[in-house]
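Worksheet: one structure, shown below.
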Amino acid sequence: MARIFSDGFELGALNFDFSVAMYATIPYPAGTARSGEYVLHGESHGYADLNVEGEDELYIRFGAKMRADVTNPEVFFQFRNSLGQPILSLTCGANKKMGVMIQSTNVDLSDQEQIPLKGWIWHLVEVHYKKTETEILLETRIEGVTDIAKTIDISGLSGLDLAWLRWLPPSSRVFYYDDIAVNTADAGADGSWPGDGKILALWPNGNGTQNDFTGSDGDSTNNYQLINTPWVATDTTYVESATAGATDLYAIADPSFRQNDIIKRVWVAAVAKDAAAESDEMSLGVKLGANSVWTPSGPLTENYRTYVSAAQTQKPGGGSWDETALTDLEVGVKVS
């Protein structure tokens with residue numbers, strides 16, 4: 001699949017490869033996230049990085065919401081090389097239009113019919129980036145409408161091999177991100193512009209058909225009650241097992257959709273660690289009736305981090321997702 005990253009921050013934890021002073025948080029005022037309850041937000045020196053080394057063409061989507069009093073142009077999104085140096089940056093400034101910098105040089109956008117960004121309003125931002133030996137094609141869309149379409153000459157420049165995507169709030173500014181998605185340009189349904197999309201969390205609301213893990217309360221009676229809220233950096237409540245093949249399944253809350261909403265994909269996310277430093281592995285999965293799909297997480301680390309399963313664009317057993325399938329779905333974790 002061409003979708004390599006999605007995050008709406010509803011776990012209360014981040015899924016980036018590296019971050020500094022960035023948080024999954026409830027925005028102010030509460031209830032104003034683009035979708036769900038949580039957003040990505042950070043301090044003025046914070047940033048969140050996603051490793052995309054080896055990719056020369058990407059399609060990126062994110063919701064962005066900024067203060068209305070931005071004055072000097074300030075960077076809010078970057079493409080970076082393996083040394084952490086900027087290749088291309090998107091900025092916002094007093095004219096409320098997106099700016100572009102190649103390395104440290106401003107790109108002339110006077111030939112572009114751009115869309116002003118409004119303060120305190122969520123904007124859907126999409127970016128298409130394609131690098132060749134001699135040029136970078138940059139296309140941006142705001143609310144699905146073309147904002148920038150620019151071919152940038154990079155002849156004579158060095159250090160332009162892409163390794164990282166960086167989300168960073170402009171200094172001293174309130175800037176929120178939500179509903180991030182990154183696609184490669186591979187063939188398939190996710191090989192181009194992501195389009196609009198909202199990422200919602202359906203939390204466990206009951207035990208499923210298999211409960212092998214032991215809860216922090218010492219039993220396996222109501223394990224779902226120990227993991228049905230956003231993560232906090234403590235071991236207050238949890239479920240655990242070190243037995244290969246042990247599986248814990250959970251029923252999930254019934255979804256609530258608007259008319260004409262379409263379910264594009266479903267994945268499972270968990271915050272986990274290897275408590276005994278034994279290089280244990282786990283799998284995350286979905287189960288619908290007799291059909292299940294499991295995704296190995298790879299070795300767990302000794303510190304808590306977020307793990308995400310492969311996104312399922314079809315329900316287990318085949319066919320498109322619908323509200324009934326989500327209502328009957330079980331999700332869970334397995335010791336691999």
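Naming scheme: A, B, ... for chains in displayed order of the structure tokens; residues 1 onward per chain; ligands 1 onward as shown.
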Looking only at strand (DSSP E) from DSSP on the backbone, list the matching residues of region 69-312 of chain A as a short mmCIF file (atom, residue, chain, number, x, y, z; two decimals) with C-alpha atoms, in the first residue's frame.
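Output contents, as saved in out-v8.cif:
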```
data_model
loop_
_atom_site.label_atom_id
_atom_site.label_comp_id
_atom_site.auth_asym_id
_atom_site.auth_seq_id
_atom_site.Cartn_x
_atom_site.Cartn_y
_atom_site.Cartn_z
CA GLU A 74 7.63 31.55 9.76
CA VAL A 75 8.23 27.90 8.86
CA PHE A 76 5.53 25.36 9.75
CA PHE A 77 6.47 22.33 7.61
CA GLN A 78 9.74 21.09 6.11
CA PHE A 79 11.39 18.49 3.94
CA ARG A 80 14.85 17.69 5.43
CA PRO A 86 16.17 21.96 5.34
CA ILE A 87 15.63 21.08 1.71
CA LEU A 88 12.30 22.82 1.23
CA SER A 89 10.17 24.72 3.74
CA LEU A 90 6.59 25.97 3.80
CA THR A 91 6.03 29.24 5.61
CA CYS A 92 3.14 31.48 6.64
CA MET A 98 1.87 30.13 1.96
CA GLY A 99 5.51 30.83 1.19
CA VAL A 100 8.24 28.45 -0.01
CA MET A 101 11.97 28.33 0.68
CA ILE A 102 14.48 26.11 -1.10
CA THR A 105 16.30 31.03 -0.31
CA ASN A 106 12.75 32.28 -0.84
CA HIS A 123 -7.45 24.44 6.77
CA LEU A 124 -6.95 21.21 4.84
CA VAL A 125 -3.40 21.40 3.46
CA GLU A 126 -2.11 18.92 0.88
CA VAL A 127 1.40 18.85 -0.56
CA HIS A 128 2.86 16.97 -3.54
CA TYR A 129 6.66 16.80 -3.60
CA LYS A 130 8.63 15.20 -6.44
CA LYS A 131 12.41 15.51 -6.83
CA GLU A 135 14.24 20.10 -10.24
CA ILE A 136 11.67 19.79 -7.51
CA LEU A 137 8.01 19.84 -8.42
CA LEU A 138 5.99 21.35 -5.60
CA GLU A 139 2.21 21.41 -5.66
CA THR A 140 -0.01 22.46 -2.78
CA ARG A 141 -3.76 22.47 -2.29
CA ILE A 142 -5.90 24.29 0.25
CA VAL A 145 -8.07 23.70 -4.51
CA THR A 146 -4.69 24.30 -6.17
CA ASP A 147 -2.65 26.88 -4.28
CA ILE A 148 0.89 26.45 -5.62
CA ALA A 149 2.15 24.61 -8.71
CA LYS A 150 5.84 25.36 -9.03
CA THR A 151 8.83 23.68 -10.64
CA ILE A 152 11.99 24.71 -8.77
CA ASP A 153 15.40 24.51 -10.44
CA TRP A 164 12.72 13.51 7.01
CA LEU A 165 9.41 15.32 7.08
CA ARG A 166 9.15 17.84 9.91
CA TRP A 167 6.10 19.49 11.45
CA PHE A 175 -0.33 26.27 15.68
CA TYR A 176 -2.29 23.01 15.68
CA TYR A 177 -2.02 20.02 13.34
CA ASP A 178 -4.50 17.16 12.92
CA ASP A 179 -5.42 14.28 10.59
CA ILE A 180 -1.97 13.75 9.08
CA ALA A 181 -1.56 11.30 6.18
CA VAL A 182 1.46 10.53 3.97
CA ASN A 183 1.25 8.60 0.68
CA THR A 184 4.00 7.41 -1.62
CA PRO A 204 -12.64 -0.50 23.80
CA ASN A 205 -15.97 -0.76 25.62
CA GLY A 206 -16.07 -4.47 26.45
CA ASN A 207 -14.03 -7.66 26.56
CA GLY A 208 -13.84 -9.63 23.33
CA THR A 209 -13.96 -13.37 22.69
CA GLN A 210 -10.44 -14.07 24.01
CA ASN A 211 -8.84 -12.61 27.14
CA THR A 214 -3.57 -10.13 32.98
CA GLY A 215 -4.61 -6.65 33.97
CA VAL A 239 -2.64 -5.30 30.57
CA GLU A 240 0.36 -7.61 30.18
CA THR A 247 -4.24 -12.80 22.86
CA ASP A 248 -6.46 -10.09 24.29
CA LEU A 249 -9.47 -8.98 22.24
CA TYR A 250 -11.84 -6.09 22.90
CA ALA A 251 -15.19 -4.93 21.67
CA ILE A 252 -15.17 -1.29 20.57
CA ALA A 269 -2.90 1.47 17.65
CA ALA A 270 -1.47 0.78 21.08
CA VAL A 271 1.04 2.27 23.49
CA ALA A 272 3.29 -0.55 24.72
CA GLU A 281 7.28 -8.84 20.03
CA MET A 282 3.57 -8.28 19.67
CA SER A 283 1.01 -8.14 16.90
CA LEU A 284 -1.99 -5.86 16.58
CA GLY A 285 -5.11 -7.10 14.84
CA VAL A 286 -8.77 -6.95 13.96
CA LYS A 287 -11.31 -9.79 14.10
CA LEU A 288 -14.73 -9.96 12.50
CA ASN A 291 -11.89 -13.80 10.10
CA SER A 292 -8.93 -11.94 11.54
CA VAL A 293 -5.91 -9.96 10.30
CA TRP A 294 -2.77 -9.48 12.42
CA THR A 295 0.18 -7.16 11.87
CA PRO A 296 3.51 -7.85 13.63
CA SER A 297 4.89 -4.82 15.46
CA GLY A 298 8.51 -5.93 15.54
CA PRO A 299 10.54 -5.96 18.77
CA ARG A 305 5.98 4.14 22.43
CA THR A 306 3.11 3.98 19.97
CA TYR A 307 2.69 0.97 17.68
CA VAL A 308 0.28 0.95 14.74
#
```
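The space between CA of Leu202 (chain A) and CA of Asp261 (chain A) spans 15.7 Å.
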Length of the CA of Thr237 (chain A) to CA of Phe213 (chain A) vector [Å] =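 The value is 12.9 Å.
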Write out as a list in words which residues come within 10 Å of Gly191 (chain A) when counting only C-alpha atoms, dropping same-chain ones fewer than 2 positions away.
->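 The residues satisfying every condition are Met1, Ala2, Arg3, Leu58, Tyr59, Val182, Asn183, Thr184, Ala185, Asp186, Ala187, Gly188, Ala189, Trp193 and Pro194 of chain A.
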Write out the residues from the selection above, keeping N, CA and C atoms, as a JSON list (two decimals), in the first residue's frame.
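File written: again_39.json
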```json
[["chain", "number", "residue", "atom", "x", "y", "z"],
["A", 1, "MET", "N", 0.83, -1.21, 0.00],
["A", 1, "MET", "CA", 0.00, 0.00, 0.00],
["A", 1, "MET", "C", 0.86, 1.24, 0.00],
["A", 2, "ALA", "N", 0.34, 2.29, -0.52],
["A", 2, "ALA", "CA", 1.09, 3.53, -0.62],
["A", 2, "ALA", "C", 0.91, 4.44, 0.58],
["A", 3, "ARG", "N", -0.03, 4.17, 1.46],
["A", 3, "ARG", "CA", -0.18, 4.95, 2.68],
["A", 3, "ARG", "C", 0.88, 4.48, 3.68],
["A", 58, "LEU", "N", 6.24, 12.23, -2.73],
["A", 58, "LEU", "CA", 5.28, 12.01, -1.65],
["A", 58, "LEU", "C", 4.08, 12.92, -1.82],
["A", 59, "TYR", "N", 2.95, 12.44, -1.31],
["A", 59, "TYR", "CA", 1.74, 13.24, -1.18],
["A", 59, "TYR", "C", 1.39, 13.31, 0.31],
["A", 182, "VAL", "N", 0.35, 10.46, 4.93],
["A", 182, "VAL", "CA", 1.46, 10.53, 3.97],
["A", 182, "VAL", "C", 1.34, 9.35, 3.03],
["A", 183, "ASN", "N", 1.31, 9.63, 1.73],
["A", 183, "ASN", "CA", 1.25, 8.60, 0.68],
["A", 183, "ASN", "C", 2.51, 8.64, -0.16],
["A", 184, "THR", "N", 3.00, 7.46, -0.56],
["A", 184, "THR", "CA", 4.00, 7.41, -1.62],
["A", 184, "THR", "C", 3.27, 7.44, -2.96],
["A", 185, "ALA", "N", 4.04, 7.48, -4.04],
["A", 185, "ALA", "CA", 3.43, 7.57, -5.37],
["A", 185, "ALA", "C", 3.30, 6.21, -6.03],
["A", 186, "ASP", "N", 3.25, 5.14, -5.23],
["A", 186, "ASP", "CA", 3.08, 3.80, -5.78],
["A", 186, "ASP", "C", 1.70, 3.65, -6.40],
["A", 187, "ALA", "N", 1.57, 2.65, -7.26],
["A", 187, "ALA", "CA", 0.27, 2.36, -7.84],
["A", 187, "ALA", "C", -0.68, 1.88, -6.75],
["A", 188, "GLY", "N", -1.95, 2.22, -6.87],
["A", 188, "GLY", "CA", -2.93, 1.79, -5.89],
["A", 188, "GLY", "C", -3.80, 2.95, -5.43],
["A", 189, "ALA", "N", -4.72, 2.62, -4.55],
["A", 189, "ALA", "CA", -5.71, 3.61, -4.11],
["A", 189, "ALA", "C", -5.08, 4.78, -3.39],
["A", 193, "TRP", "N", -2.95, 12.09, -4.27],
["A", 193, "TRP", "CA", -3.44, 13.02, -3.26],
["A", 193, "TRP", "C", -4.31, 12.29, -2.24],
["A", 194, "PRO", "N", -4.05, 12.48, -0.93],
["A", 194, "PRO", "CA", -4.85, 11.81, 0.08],
["A", 194, "PRO", "C", -6.31, 12.27, 0.10]]
```
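Comparing A:Phe257, A:Tyr238, A:Trp122, A:Tyr23 by their smallest distance to Leu168 (chain A), the closest is A:Tyr23 (using only C-alpha atoms).
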Which of A:Pro230, A:Gln314, A:Glu143, A:Lys198 sits closest to Arg34 (chain A) [using only C-alpha atoms]:
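Under the stated criterion, the closest residue is A:Lys198.
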inquiry  = Restricting the calculation to only C-alpha atoms: of A:Leu300, A:Trp203, A:Asp219, A:Ala310, which residue gets closest to Val331 (chain A)?
reply    =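 So, comparing all the options, the nearest one is A:Trp203.
With only C-alpha atoms as the atoms that count, the minimum distance from Arg265 (chain A) to the choices A:Ser320, A:Gln112, A:Thr243, A:Ser192 is reached by A:Ser320.
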Find the residue from A:Asn223, A:Asn81, A:Asp17, A:Thr301 that sits nearest to Ser158 (chain A); use only C-alpha atoms when measuring.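 Going through A:Asn223, A:Asn81, A:Asp17, A:Thr301 one by one, the smallest distance to Ser158 (chain A) is for A:Asn81.
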- Item | Residue nearest Trp120 (chain A) among A:Ala64, A:Leu50, A:Val39, A:Leu83 (counting only C-alpha atoms) |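 Checking each candidate against Trp120 (chain A), we get A:Ala64 as the closest.
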### Message
So the first atom is CA of Glu323 (chain A) and the second is CA of Pro255 (chain A); what is the distance between them in Å, to one decimal place?
### Response
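Spanning CA of Glu323 (chain A) to CA of Pro255 (chain A) is a straight-line distance of 6.9 Å.
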